[in-house]
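Below: query-v8.txt (compact mmCIF, N, CA and C atoms and all ligand atoms)
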```
# COMPACT_ATOMS: atom_id res chain seq x y z
N MET A 1 16.59 14.51 5.21
CA MET A 1 16.10 14.57 3.83
C MET A 1 15.36 13.26 3.50
N THR A 2 14.22 13.38 2.82
CA THR A 2 13.46 12.18 2.48
C THR A 2 13.92 11.63 1.13
N LYS A 3 13.94 10.31 1.03
CA LYS A 3 14.43 9.66 -0.18
C LYS A 3 13.28 9.47 -1.17
N GLU A 4 13.53 9.82 -2.42
CA GLU A 4 12.50 9.67 -3.44
C GLU A 4 12.35 8.21 -3.85
N THR A 5 11.11 7.79 -4.01
CA THR A 5 10.82 6.43 -4.47
C THR A 5 9.80 6.52 -5.60
N ILE A 6 9.53 5.39 -6.21
CA ILE A 6 8.50 5.33 -7.26
C ILE A 6 7.14 5.79 -6.69
N PHE A 7 6.91 5.53 -5.40
CA PHE A 7 5.62 5.93 -4.81
C PHE A 7 5.57 7.43 -4.53
N SER A 8 6.71 8.04 -4.16
CA SER A 8 6.67 9.50 -3.99
C SER A 8 6.47 10.16 -5.35
N LYS A 9 6.98 9.54 -6.42
CA LYS A 9 6.74 10.07 -7.77
C LYS A 9 5.26 9.96 -8.14
N ILE A 10 4.64 8.85 -7.72
CA ILE A 10 3.19 8.71 -7.95
C ILE A 10 2.44 9.79 -7.18
N LEU A 11 2.81 10.00 -5.92
CA LEU A 11 2.14 11.03 -5.11
C LEU A 11 2.31 12.42 -5.71
N ASN A 12 3.46 12.65 -6.34
CA ASN A 12 3.73 13.96 -6.94
C ASN A 12 3.16 14.10 -8.34
N GLY A 13 2.48 13.04 -8.81
CA GLY A 13 1.88 13.09 -10.14
C GLY A 13 2.91 13.00 -11.26
N GLU A 14 4.09 12.48 -10.95
CA GLU A 14 5.16 12.42 -11.96
C GLU A 14 5.06 11.19 -12.84
N ILE A 15 4.38 10.13 -12.34
CA ILE A 15 4.19 8.95 -13.17
C ILE A 15 2.74 8.50 -13.05
N PRO A 16 2.20 7.86 -14.09
CA PRO A 16 0.78 7.48 -14.07
C PRO A 16 0.49 6.33 -13.11
N TYR A 17 -0.75 6.25 -12.68
CA TYR A 17 -1.19 5.17 -11.79
C TYR A 17 -2.69 5.01 -11.95
N ASP A 18 -3.17 3.86 -11.56
CA ASP A 18 -4.60 3.54 -11.70
C ASP A 18 -5.26 3.70 -10.33
N GLU A 19 -5.81 4.88 -10.10
CA GLU A 19 -6.34 5.22 -8.77
C GLU A 19 -7.61 4.44 -8.41
N VAL A 20 -7.66 4.03 -7.15
CA VAL A 20 -8.83 3.33 -6.62
C VAL A 20 -9.50 4.18 -5.54
N TYR A 21 -8.69 4.91 -4.78
CA TYR A 21 -9.20 5.70 -3.66
C TYR A 21 -8.17 6.77 -3.33
N SER A 22 -8.66 7.91 -2.89
CA SER A 22 -7.74 8.98 -2.51
C SER A 22 -8.39 9.82 -1.41
N ASP A 23 -7.61 10.22 -0.43
CA ASP A 23 -8.07 11.23 0.53
C ASP A 23 -6.87 12.04 0.97
N GLU A 24 -7.05 12.90 1.95
CA GLU A 24 -5.96 13.83 2.30
C GLU A 24 -4.77 13.11 2.94
N ASN A 25 -4.97 11.90 3.40
CA ASN A 25 -3.89 11.18 4.09
C ASN A 25 -3.27 10.03 3.31
N CYS A 26 -3.99 9.53 2.32
CA CYS A 26 -3.46 8.36 1.60
C CYS A 26 -3.99 8.27 0.18
N LEU A 27 -3.36 7.37 -0.56
CA LEU A 27 -3.74 7.11 -1.94
C LEU A 27 -3.74 5.59 -2.14
N ALA A 28 -4.73 5.10 -2.87
CA ALA A 28 -4.78 3.67 -3.21
C ALA A 28 -4.83 3.53 -4.72
N PHE A 29 -4.04 2.60 -5.24
CA PHE A 29 -3.98 2.40 -6.69
C PHE A 29 -3.65 0.93 -6.96
N ARG A 30 -3.88 0.51 -8.22
CA ARG A 30 -3.68 -0.90 -8.56
C ARG A 30 -2.19 -1.20 -8.75
N ASP A 31 -1.79 -2.36 -8.21
CA ASP A 31 -0.41 -2.80 -8.39
C ASP A 31 -0.14 -3.06 -9.87
N ILE A 32 1.02 -2.62 -10.32
CA ILE A 32 1.35 -2.75 -11.74
C ILE A 32 1.64 -4.20 -12.12
N GLN A 33 1.98 -5.03 -11.15
CA GLN A 33 2.21 -6.46 -11.39
C GLN A 33 1.36 -7.27 -10.42
N PRO A 34 0.05 -7.33 -10.69
CA PRO A 34 -0.87 -7.94 -9.73
C PRO A 34 -0.57 -9.42 -9.47
N LYS A 35 -0.64 -9.79 -8.20
CA LYS A 35 -0.39 -11.19 -7.80
C LYS A 35 -1.70 -11.95 -7.61
N ALA A 36 -2.82 -11.30 -7.89
CA ALA A 36 -4.16 -11.89 -7.74
C ALA A 36 -5.12 -11.03 -8.55
N PRO A 37 -6.35 -11.50 -8.77
CA PRO A 37 -7.30 -10.69 -9.55
C PRO A 37 -7.47 -9.27 -9.01
N VAL A 38 -7.44 -9.12 -7.70
CA VAL A 38 -7.44 -7.78 -7.09
C VAL A 38 -6.13 -7.61 -6.34
N HIS A 39 -5.40 -6.58 -6.67
CA HIS A 39 -4.13 -6.28 -5.96
C HIS A 39 -3.98 -4.76 -5.93
N ILE A 40 -4.26 -4.21 -4.78
CA ILE A 40 -4.28 -2.75 -4.60
C ILE A 40 -3.22 -2.38 -3.56
N LEU A 41 -2.56 -1.27 -3.80
CA LEU A 41 -1.59 -0.74 -2.84
C LEU A 41 -2.16 0.52 -2.20
N ILE A 42 -1.98 0.64 -0.90
CA ILE A 42 -2.42 1.83 -0.17
C ILE A 42 -1.18 2.47 0.43
N ILE A 43 -0.96 3.72 0.11
CA ILE A 43 0.24 4.41 0.60
C ILE A 43 -0.14 5.69 1.34
N PRO A 44 0.54 5.98 2.44
CA PRO A 44 0.30 7.26 3.10
C PRO A 44 0.93 8.39 2.30
N ARG A 45 0.34 9.56 2.35
CA ARG A 45 0.98 10.72 1.70
C ARG A 45 2.24 11.11 2.47
N LYS A 46 2.22 10.87 3.77
CA LYS A 46 3.42 11.12 4.58
C LYS A 46 4.48 10.08 4.20
N ILE A 47 5.69 10.52 4.01
CA ILE A 47 6.76 9.58 3.64
C ILE A 47 7.32 8.92 4.89
N ILE A 48 7.05 7.62 4.99
CA ILE A 48 7.60 6.76 6.05
C ILE A 48 8.20 5.57 5.29
N PRO A 49 9.51 5.35 5.36
CA PRO A 49 10.13 4.31 4.53
C PRO A 49 9.55 2.92 4.74
N SER A 50 9.29 2.55 5.99
CA SER A 50 8.72 1.23 6.26
C SER A 50 8.07 1.29 7.65
N LEU A 51 7.42 0.18 8.00
CA LEU A 51 6.78 0.12 9.32
C LEU A 51 7.82 0.29 10.43
N ARG A 52 9.05 -0.07 10.14
CA ARG A 52 10.14 0.06 11.13
C ARG A 52 10.32 1.51 11.58
N GLU A 53 10.11 2.43 10.66
CA GLU A 53 10.32 3.85 10.98
C GLU A 53 9.06 4.54 11.49
N ALA A 54 7.94 3.83 11.52
CA ALA A 54 6.70 4.45 12.01
C ALA A 54 6.82 4.74 13.50
N GLU A 55 6.18 5.84 13.93
CA GLU A 55 6.28 6.27 15.34
C GLU A 55 4.89 6.38 15.93
N SER A 56 4.85 6.60 17.23
CA SER A 56 3.54 6.66 17.89
C SER A 56 2.69 7.80 17.32
N ILE A 57 3.32 8.85 16.82
CA ILE A 57 2.55 9.95 16.23
C ILE A 57 1.81 9.48 14.96
N ASP A 58 2.25 8.35 14.41
CA ASP A 58 1.63 7.81 13.19
C ASP A 58 0.50 6.82 13.48
N ALA A 59 0.16 6.64 14.74
CA ALA A 59 -0.82 5.61 15.10
C ALA A 59 -2.16 5.82 14.39
N GLU A 60 -2.63 7.05 14.38
CA GLU A 60 -3.93 7.31 13.75
C GLU A 60 -3.85 7.07 12.24
N LEU A 61 -2.76 7.48 11.64
CA LEU A 61 -2.55 7.27 10.20
C LEU A 61 -2.52 5.78 9.87
N LEU A 62 -1.82 5.00 10.67
CA LEU A 62 -1.73 3.55 10.42
C LEU A 62 -3.10 2.90 10.55
N GLY A 63 -3.86 3.31 11.52
CA GLY A 63 -5.22 2.79 11.68
C GLY A 63 -6.08 3.18 10.49
N HIS A 64 -5.91 4.41 10.03
CA HIS A 64 -6.66 4.88 8.86
C HIS A 64 -6.35 4.02 7.64
N LEU A 65 -5.08 3.68 7.44
CA LEU A 65 -4.70 2.85 6.28
C LEU A 65 -5.40 1.50 6.32
N LEU A 66 -5.52 0.93 7.51
CA LEU A 66 -6.21 -0.36 7.63
C LEU A 66 -7.70 -0.22 7.31
N LEU A 67 -8.30 0.87 7.76
CA LEU A 67 -9.72 1.09 7.47
C LEU A 67 -9.94 1.33 5.98
N VAL A 68 -9.00 2.03 5.35
CA VAL A 68 -9.09 2.24 3.90
C VAL A 68 -8.92 0.90 3.18
N ALA A 69 -8.04 0.03 3.69
CA ALA A 69 -7.88 -1.30 3.10
C ALA A 69 -9.22 -2.03 3.08
N ALA A 70 -9.93 -2.00 4.18
CA ALA A 70 -11.23 -2.67 4.25
C ALA A 70 -12.23 -1.99 3.30
N LYS A 71 -12.17 -0.68 3.23
CA LYS A 71 -13.09 0.05 2.36
C LYS A 71 -12.86 -0.29 0.89
N VAL A 72 -11.61 -0.29 0.45
CA VAL A 72 -11.36 -0.56 -0.97
C VAL A 72 -11.62 -2.04 -1.28
N ALA A 73 -11.29 -2.93 -0.35
CA ALA A 73 -11.56 -4.35 -0.58
C ALA A 73 -13.06 -4.58 -0.76
N THR A 74 -13.85 -3.96 0.09
CA THR A 74 -15.30 -4.09 0.01
C THR A 74 -15.83 -3.49 -1.29
N LYS A 75 -15.27 -2.33 -1.65
CA LYS A 75 -15.67 -1.67 -2.90
C LYS A 75 -15.35 -2.55 -4.12
N GLU A 76 -14.31 -3.35 -4.01
CA GLU A 76 -13.92 -4.26 -5.10
C GLU A 76 -14.77 -5.53 -5.10
N GLY A 77 -15.68 -5.64 -4.12
CA GLY A 77 -16.55 -6.80 -4.05
C GLY A 77 -15.95 -7.99 -3.31
N LEU A 78 -14.85 -7.76 -2.61
CA LEU A 78 -14.19 -8.86 -1.89
C LEU A 78 -14.86 -9.11 -0.55
N LYS A 79 -15.00 -10.39 -0.21
CA LYS A 79 -15.44 -10.75 1.14
C LYS A 79 -14.27 -11.33 1.91
N ASN A 80 -13.28 -11.83 1.17
CA ASN A 80 -12.05 -12.38 1.76
C ASN A 80 -10.88 -11.69 1.06
N TRP A 81 -9.93 -11.30 1.84
CA TRP A 81 -8.73 -10.72 1.24
C TRP A 81 -7.58 -10.81 2.23
N ARG A 82 -6.38 -10.55 1.72
CA ARG A 82 -5.20 -10.53 2.57
C ARG A 82 -4.62 -9.12 2.56
N THR A 83 -4.25 -8.63 3.73
CA THR A 83 -3.59 -7.33 3.85
C THR A 83 -2.15 -7.60 4.27
N VAL A 84 -1.20 -7.10 3.47
CA VAL A 84 0.22 -7.42 3.70
C VAL A 84 1.02 -6.14 3.80
N ILE A 85 1.93 -6.10 4.76
CA ILE A 85 2.93 -5.02 4.83
C ILE A 85 4.30 -5.68 4.89
N ASN A 86 5.04 -5.63 3.81
CA ASN A 86 6.40 -6.16 3.81
C ASN A 86 7.33 -5.12 4.43
N THR A 87 8.15 -5.55 5.36
CA THR A 87 9.04 -4.62 6.06
C THR A 87 10.47 -5.13 5.93
N GLY A 88 11.26 -4.46 5.09
CA GLY A 88 12.65 -4.85 4.88
C GLY A 88 12.80 -5.77 3.68
N ALA A 89 13.98 -5.73 3.08
CA ALA A 89 14.23 -6.46 1.83
C ALA A 89 14.01 -7.96 1.98
N ASP A 90 14.45 -8.54 3.09
CA ASP A 90 14.30 -9.98 3.26
C ASP A 90 12.84 -10.39 3.41
N ALA A 91 11.99 -9.44 3.76
CA ALA A 91 10.55 -9.73 3.86
C ALA A 91 9.84 -9.48 2.54
N GLY A 92 10.61 -9.01 1.55
CA GLY A 92 10.02 -8.78 0.23
C GLY A 92 9.75 -7.33 -0.11
N GLN A 93 10.15 -6.41 0.79
CA GLN A 93 9.91 -4.99 0.48
C GLN A 93 10.87 -4.53 -0.61
N THR A 94 10.30 -3.96 -1.67
CA THR A 94 11.13 -3.45 -2.78
C THR A 94 11.00 -1.94 -2.93
N VAL A 95 9.91 -1.38 -2.42
CA VAL A 95 9.72 0.08 -2.48
C VAL A 95 9.71 0.60 -1.05
N PHE A 96 10.65 1.49 -0.76
CA PHE A 96 10.81 1.92 0.64
C PHE A 96 10.03 3.20 0.93
N HIS A 97 8.73 3.05 0.71
CA HIS A 97 7.70 4.01 1.12
C HIS A 97 6.59 3.10 1.66
N LEU A 98 6.34 3.16 2.95
CA LEU A 98 5.38 2.27 3.60
C LEU A 98 4.13 2.07 2.74
N HIS A 99 3.72 0.82 2.58
CA HIS A 99 2.51 0.56 1.81
C HIS A 99 1.85 -0.74 2.28
N LEU A 100 0.54 -0.78 2.12
CA LEU A 100 -0.24 -1.98 2.41
C LEU A 100 -0.66 -2.58 1.07
N HIS A 101 -0.51 -3.89 0.96
CA HIS A 101 -1.07 -4.60 -0.18
C HIS A 101 -2.46 -5.11 0.24
N VAL A 102 -3.44 -4.95 -0.63
CA VAL A 102 -4.73 -5.62 -0.46
C VAL A 102 -4.85 -6.59 -1.63
N ILE A 103 -4.85 -7.88 -1.30
CA ILE A 103 -4.80 -8.92 -2.33
C ILE A 103 -6.02 -9.82 -2.16
N GLY A 104 -6.73 -10.08 -3.24
CA GLY A 104 -7.91 -10.93 -3.14
C GLY A 104 -8.42 -11.37 -4.50
N GLY A 105 -9.51 -12.12 -4.45
CA GLY A 105 -10.13 -12.60 -5.70
C GLY A 105 -9.72 -14.02 -6.03
N ARG A 106 -8.93 -14.63 -5.16
CA ARG A 106 -8.59 -16.06 -5.33
C ARG A 106 -8.28 -16.63 -3.95
N ALA A 107 -8.34 -17.97 -3.86
CA ALA A 107 -7.96 -18.61 -2.59
C ALA A 107 -6.46 -18.50 -2.41
N MET A 108 -6.02 -18.38 -1.15
CA MET A 108 -4.59 -18.23 -0.86
C MET A 108 -4.12 -19.27 0.13
N SER A 109 -2.84 -19.58 0.04
CA SER A 109 -2.28 -20.56 0.97
C SER A 109 -1.55 -19.84 2.10
N TRP A 110 -1.22 -20.58 3.12
CA TRP A 110 -0.49 -20.06 4.26
C TRP A 110 0.45 -21.15 4.76
N PRO A 111 1.69 -20.92 5.14
CA PRO A 111 2.30 -19.60 5.23
C PRO A 111 2.78 -19.08 3.88
N PRO A 112 3.00 -17.75 3.78
CA PRO A 112 3.55 -17.18 2.56
C PRO A 112 5.00 -17.63 2.40
N GLY A 113 5.51 -17.58 1.19
CA GLY A 113 6.88 -18.03 0.92
C GLY A 113 7.92 -17.06 1.45
P1 LIG B 1 6.80 -4.48 -1.97
O1 LIG B 1 7.51 -5.57 -2.69
O2 LIG B 1 6.04 -4.92 -0.75
O3 LIG B 1 7.72 -3.30 -1.67
O4 LIG B 1 5.69 -3.95 -2.96
C1 LIG B 1 5.94 -3.04 -3.98
C2 LIG B 1 4.87 -3.24 -5.01
O5 LIG B 1 4.84 -2.09 -5.84
C3 LIG B 1 5.09 -4.44 -5.94
O6 LIG B 1 3.98 -5.33 -5.82
C4 LIG B 1 5.17 -3.82 -7.33
O7 LIG B 1 4.54 -4.60 -8.32
C5 LIG B 1 4.45 -2.49 -7.12
N1 LIG B 1 4.82 -1.41 -8.03
C6 LIG B 1 6.07 -1.02 -8.37
N2 LIG B 1 6.01 0.03 -9.20
C7 LIG B 1 4.70 0.31 -9.38
C8 LIG B 1 3.99 1.30 -10.13
N3 LIG B 1 4.61 2.21 -10.88
N4 LIG B 1 2.64 1.29 -10.06
C9 LIG B 1 1.99 0.37 -9.33
N5 LIG B 1 2.60 -0.57 -8.59
C10 LIG B 1 3.93 -0.60 -8.62
```

Can you give me the file's structure in the form of structure tokens?
Amino acid sequence: MTKETIFSKILNGEIPYDEVYSDENCLAFRDIQPKAPVHILIIPRKIIPSLREAESIDAELLGHLLLVAAKVATKEGLKNWRTVINTGADAGQTVFHLHLHVIGGRAMSWPPG
């Protein structure tokens, strides 16, 4: 049985979201608490809790998410951006539906905290 998250509710149209991009495999929308001028989340329609649970059958989907990240970043006018996938609570994951953050519009430091 798959566990419901705030992102599965977004996919089911149960809660509002600010859409940036959508196709048959994924949805991109603006983060509700942006950490930079541009902060977009890309989620697969397939429910995968985190990168830890992704399997080889998901390889094409994972590649697609990265290409969509570049597409939406470019559409937002970004030339530099950071793509982040937090995996597990200690890494900062709070929503257990695999997602990519696309963050940009300001200079960033490294390493992340
Ligand atoms: P993470 O901490 O990597 O799991 O990222 C989850 C992200 O989801 C956080 O940056 C939250 O601000 C964002 N978030 C949580 N709820 C919503 C929502 N309803 N709409 C948009 N973004 C959300």

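Separating atom CA of A:Lys3 from atom C2 of ligand LIG 1 (chain B) is a distance of 16.8 Å.
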
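From atom N of A:Ala91 back to atom CA of A:Glu76, the distance works out to 27.9 Å.
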
Worksheet item: Residues at most 6 Å from ligand LIG 1 (chain B), using only N, CA and C atoms and all ligand atoms? Could they come as JSON, numbers by chain?
Response: {"A": [17, 30, 31, 32, 33, 34, 85, 86, 92, 93, 94, 95, 96]}

Practice prompt. Apply DSSP to the backbone of this structure and, from chain A, keep only the residues in alpha helix (DSSP H); write these as a PyMOL selection string.
Written response: chain A and resi 6-11+59-75

Hey, can you spit out that residue selection with N, CA and C atoms as an mmCIF file, in the coordinates of the input?
```
data_model
loop_
_atom_site.group_PDB
_atom_site.id
_atom_site.type_symbol
_atom_site.label_atom_id
_atom_site.label_comp_id
_atom_site.auth_asym_id
_atom_site.auth_seq_id
_atom_site.Cartn_x
_atom_site.Cartn_y
_atom_site.Cartn_z
ATOM 1 N N ILE A 6 9.530 5.390 -6.210
ATOM 2 C CA ILE A 6 8.500 5.330 -7.260
ATOM 3 C C ILE A 6 7.140 5.790 -6.690
ATOM 4 N N PHE A 7 6.910 5.530 -5.400
ATOM 5 C CA PHE A 7 5.620 5.930 -4.810
ATOM 6 C C PHE A 7 5.570 7.430 -4.530
ATOM 7 N N SER A 8 6.710 8.040 -4.160
ATOM 8 C CA SER A 8 6.670 9.500 -3.990
ATOM 9 C C SER A 8 6.470 10.160 -5.350
ATOM 10 N N LYS A 9 6.980 9.540 -6.420
ATOM 11 C CA LYS A 9 6.740 10.070 -7.770
ATOM 12 C C LYS A 9 5.260 9.960 -8.140
ATOM 13 N N ILE A 10 4.640 8.850 -7.720
ATOM 14 C CA ILE A 10 3.190 8.710 -7.950
ATOM 15 C C ILE A 10 2.440 9.790 -7.180
ATOM 16 N N LEU A 11 2.810 10.000 -5.920
ATOM 17 C CA LEU A 11 2.140 11.030 -5.110
ATOM 18 C C LEU A 11 2.310 12.420 -5.710
ATOM 19 N N ALA A 59 0.160 6.640 14.740
ATOM 20 C CA ALA A 59 -0.820 5.610 15.100
ATOM 21 C C ALA A 59 -2.160 5.820 14.390
ATOM 22 N N GLU A 60 -2.630 7.050 14.380
ATOM 23 C CA GLU A 60 -3.930 7.310 13.750
ATOM 24 C C GLU A 60 -3.850 7.070 12.240
ATOM 25 N N LEU A 61 -2.760 7.480 11.640
ATOM 26 C CA LEU A 61 -2.550 7.270 10.200
ATOM 27 C C LEU A 61 -2.520 5.780 9.870
ATOM 28 N N LEU A 62 -1.820 5.000 10.670
ATOM 29 C CA LEU A 62 -1.730 3.550 10.420
ATOM 30 C C LEU A 62 -3.100 2.900 10.550
ATOM 31 N N GLY A 63 -3.860 3.310 11.520
ATOM 32 C CA GLY A 63 -5.220 2.790 11.680
ATOM 33 C C GLY A 63 -6.080 3.180 10.490
ATOM 34 N N HIS A 64 -5.910 4.410 10.030
ATOM 35 C CA HIS A 64 -6.660 4.880 8.860
ATOM 36 C C HIS A 64 -6.350 4.020 7.640
ATOM 37 N N LEU A 65 -5.080 3.680 7.440
ATOM 38 C CA LEU A 65 -4.700 2.850 6.280
ATOM 39 C C LEU A 65 -5.400 1.500 6.320
ATOM 40 N N LEU A 66 -5.520 0.930 7.510
ATOM 41 C CA LEU A 66 -6.210 -0.360 7.630
ATOM 42 C C LEU A 66 -7.700 -0.220 7.310
ATOM 43 N N LEU A 67 -8.300 0.870 7.760
ATOM 44 C CA LEU A 67 -9.720 1.090 7.470
ATOM 45 C C LEU A 67 -9.940 1.330 5.980
ATOM 46 N N VAL A 68 -9.000 2.030 5.350
ATOM 47 C CA VAL A 68 -9.090 2.240 3.900
ATOM 48 C C VAL A 68 -8.920 0.900 3.180
ATOM 49 N N ALA A 69 -8.040 0.030 3.690
ATOM 50 C CA ALA A 69 -7.880 -1.300 3.100
ATOM 51 C C ALA A 69 -9.220 -2.030 3.080
ATOM 52 N N ALA A 70 -9.930 -2.000 4.180
ATOM 53 C CA ALA A 70 -11.230 -2.670 4.250
ATOM 54 C C ALA A 70 -12.230 -1.990 3.300
ATOM 55 N N LYS A 71 -12.170 -0.680 3.230
ATOM 56 C CA LYS A 71 -13.090 0.050 2.360
ATOM 57 C C LYS A 71 -12.860 -0.290 0.890
ATOM 58 N N VAL A 72 -11.610 -0.290 0.450
ATOM 59 C CA VAL A 72 -11.360 -0.560 -0.970
ATOM 60 C C VAL A 72 -11.620 -2.040 -1.280
ATOM 61 N N ALA A 73 -11.290 -2.930 -0.350
ATOM 62 C CA ALA A 73 -11.560 -4.350 -0.580
ATOM 63 C C ALA A 73 -13.060 -4.580 -0.760
ATOM 64 N N THR A 74 -13.850 -3.960 0.090
ATOM 65 C CA THR A 74 -15.300 -4.090 0.010
ATOM 66 C C THR A 74 -15.830 -3.490 -1.290
ATOM 67 N N LYS A 75 -15.270 -2.330 -1.650
ATOM 68 C CA LYS A 75 -15.670 -1.670 -2.900
ATOM 69 C C LYS A 75 -15.350 -2.550 -4.120
#
```

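A straight-line distance of 14.9 Å separates atom CA of A:Gly13 from atom N of A:Ile47.
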
Pull the strand (DSSP E) assignments for chain A out of DSSP run on the backbone, and list those residues as an mmCIF file with N, CA and C atoms, in the frame of the given file.
```cif
data_model
loop_
_atom_site.group_PDB
_atom_site.id
_atom_site.type_symbol
_atom_site.label_atom_id
_atom_site.label_comp_id
_atom_site.auth_asym_id
_atom_site.auth_seq_id
_atom_site.Cartn_x
_atom_site.Cartn_y
_atom_site.Cartn_z
ATOM 1 N N GLU A 19 -5.810 4.880 -10.100
ATOM 2 C CA GLU A 19 -6.340 5.220 -8.770
ATOM 3 C C GLU A 19 -7.610 4.440 -8.410
ATOM 4 N N VAL A 20 -7.660 4.030 -7.150
ATOM 5 C CA VAL A 20 -8.830 3.330 -6.620
ATOM 6 C C VAL A 20 -9.500 4.180 -5.540
ATOM 7 N N TYR A 21 -8.690 4.910 -4.780
ATOM 8 C CA TYR A 21 -9.200 5.700 -3.660
ATOM 9 C C TYR A 21 -8.170 6.770 -3.330
ATOM 10 N N SER A 22 -8.660 7.910 -2.890
ATOM 11 C CA SER A 22 -7.740 8.980 -2.510
ATOM 12 C C SER A 22 -8.390 9.820 -1.410
ATOM 13 N N CYS A 26 -3.990 9.530 2.320
ATOM 14 C CA CYS A 26 -3.460 8.360 1.600
ATOM 15 C C CYS A 26 -3.990 8.270 0.180
ATOM 16 N N LEU A 27 -3.360 7.370 -0.560
ATOM 17 C CA LEU A 27 -3.740 7.110 -1.940
ATOM 18 C C LEU A 27 -3.740 5.590 -2.140
ATOM 19 N N ALA A 28 -4.730 5.100 -2.870
ATOM 20 C CA ALA A 28 -4.780 3.670 -3.210
ATOM 21 C C ALA A 28 -4.830 3.530 -4.720
ATOM 22 N N PHE A 29 -4.040 2.600 -5.240
ATOM 23 C CA PHE A 29 -3.980 2.400 -6.690
ATOM 24 C C PHE A 29 -3.650 0.930 -6.960
ATOM 25 N N ARG A 30 -3.880 0.510 -8.220
ATOM 26 C CA ARG A 30 -3.680 -0.900 -8.560
ATOM 27 C C ARG A 30 -2.190 -1.200 -8.750
ATOM 28 N N VAL A 38 -7.440 -9.120 -7.700
ATOM 29 C CA VAL A 38 -7.440 -7.780 -7.090
ATOM 30 C C VAL A 38 -6.130 -7.610 -6.340
ATOM 31 N N HIS A 39 -5.400 -6.580 -6.670
ATOM 32 C CA HIS A 39 -4.130 -6.280 -5.960
ATOM 33 C C HIS A 39 -3.980 -4.760 -5.930
ATOM 34 N N ILE A 40 -4.260 -4.210 -4.780
ATOM 35 C CA ILE A 40 -4.280 -2.750 -4.600
ATOM 36 C C ILE A 40 -3.220 -2.380 -3.560
ATOM 37 N N LEU A 41 -2.560 -1.270 -3.800
ATOM 38 C CA LEU A 41 -1.590 -0.740 -2.840
ATOM 39 C C LEU A 41 -2.160 0.520 -2.200
ATOM 40 N N ILE A 42 -1.980 0.640 -0.900
ATOM 41 C CA ILE A 42 -2.420 1.830 -0.170
ATOM 42 C C ILE A 42 -1.180 2.470 0.430
ATOM 43 N N ILE A 43 -0.960 3.720 0.110
ATOM 44 C CA ILE A 43 0.240 4.410 0.600
ATOM 45 C C ILE A 43 -0.140 5.690 1.340
ATOM 46 N N PRO A 44 0.540 5.980 2.440
ATOM 47 C CA PRO A 44 0.300 7.260 3.100
ATOM 48 C C PRO A 44 0.930 8.390 2.300
ATOM 49 N N TRP A 81 -9.930 -11.300 1.840
ATOM 50 C CA TRP A 81 -8.730 -10.720 1.240
ATOM 51 C C TRP A 81 -7.580 -10.810 2.230
ATOM 52 N N ARG A 82 -6.380 -10.550 1.720
ATOM 53 C CA ARG A 82 -5.200 -10.530 2.570
ATOM 54 C C ARG A 82 -4.620 -9.120 2.560
ATOM 55 N N THR A 83 -4.250 -8.630 3.730
ATOM 56 C CA THR A 83 -3.590 -7.330 3.850
ATOM 57 C C THR A 83 -2.150 -7.600 4.270
ATOM 58 N N VAL A 84 -1.200 -7.100 3.470
ATOM 59 C CA VAL A 84 0.220 -7.420 3.700
ATOM 60 C C VAL A 84 1.020 -6.140 3.800
ATOM 61 N N LEU A 100 0.540 -0.780 2.120
ATOM 62 C CA LEU A 100 -0.240 -1.980 2.410
ATOM 63 C C LEU A 100 -0.660 -2.580 1.070
ATOM 64 N N HIS A 101 -0.510 -3.890 0.960
ATOM 65 C CA HIS A 101 -1.070 -4.600 -0.180
ATOM 66 C C HIS A 101 -2.460 -5.110 0.240
ATOM 67 N N VAL A 102 -3.440 -4.950 -0.630
ATOM 68 C CA VAL A 102 -4.730 -5.620 -0.460
ATOM 69 C C VAL A 102 -4.850 -6.590 -1.630
ATOM 70 N N ILE A 103 -4.850 -7.880 -1.300
ATOM 71 C CA ILE A 103 -4.800 -8.920 -2.330
ATOM 72 C C ILE A 103 -6.020 -9.820 -2.160
ATOM 73 N N GLY A 104 -6.730 -10.080 -3.240
ATOM 74 C CA GLY A 104 -7.910 -10.930 -3.140
ATOM 75 C C GLY A 104 -8.420 -11.370 -4.500
#
```

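When only C-alpha atoms are used to compute distances to A:Ile103, the closest of the residues A:Val84, A:Leu62, A:Val20, A:Val68 turns out to be A:Val84.
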
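Counting all atoms listed in the file and comparing A:Trp110, A:Gly105, A:Ala28, A:Asp58, the residue that lies closest to A:Ile40 is A:Ala28.
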
Fill in: Selected residue, from A:Ala70, A:Ala89, A:Ile6, A:Leu41, that lies nearest to A:Phe29 when counting only N, CA and C atoms
A:Leu41

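Each of A:Leu98, A:Ile15, A:Leu67, A:Leu61 was checked against A:Ile42 using only N, CA and C atoms; the smallest atom-to-atom distance is that of A:Leu98.
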
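Proximity to A:Lys79 was assessed for A:Asn25, A:Gly104, A:Glu4, A:Ile57 counting only N, CA and C atoms; the smallest distance is recorded for A:Gly104.
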
Fill in: Distance query A:Ala69 at most 8 Å, only C-alpha atoms, self and fewer than 5 positions along chain excluded, as a PyMOL selection string
chain A and resi 42+83+100+102

Selection to disk with N, CA and C atoms, as a compact mmCIF listing (two decimals), in the coordinates of the input:
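The result, stored in again-v3.txt:
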```txt
# COMPACT_ATOMS: atom_id res chain seq x y z
N ILE A 42 -1.98 0.64 -0.90
CA ILE A 42 -2.42 1.83 -0.17
C ILE A 42 -1.18 2.47 0.43
N THR A 83 -4.25 -8.63 3.73
CA THR A 83 -3.59 -7.33 3.85
C THR A 83 -2.15 -7.60 4.27
N LEU A 100 0.54 -0.78 2.12
CA LEU A 100 -0.24 -1.98 2.41
C LEU A 100 -0.66 -2.58 1.07
N VAL A 102 -3.44 -4.95 -0.63
CA VAL A 102 -4.73 -5.62 -0.46
C VAL A 102 -4.85 -6.59 -1.63
```
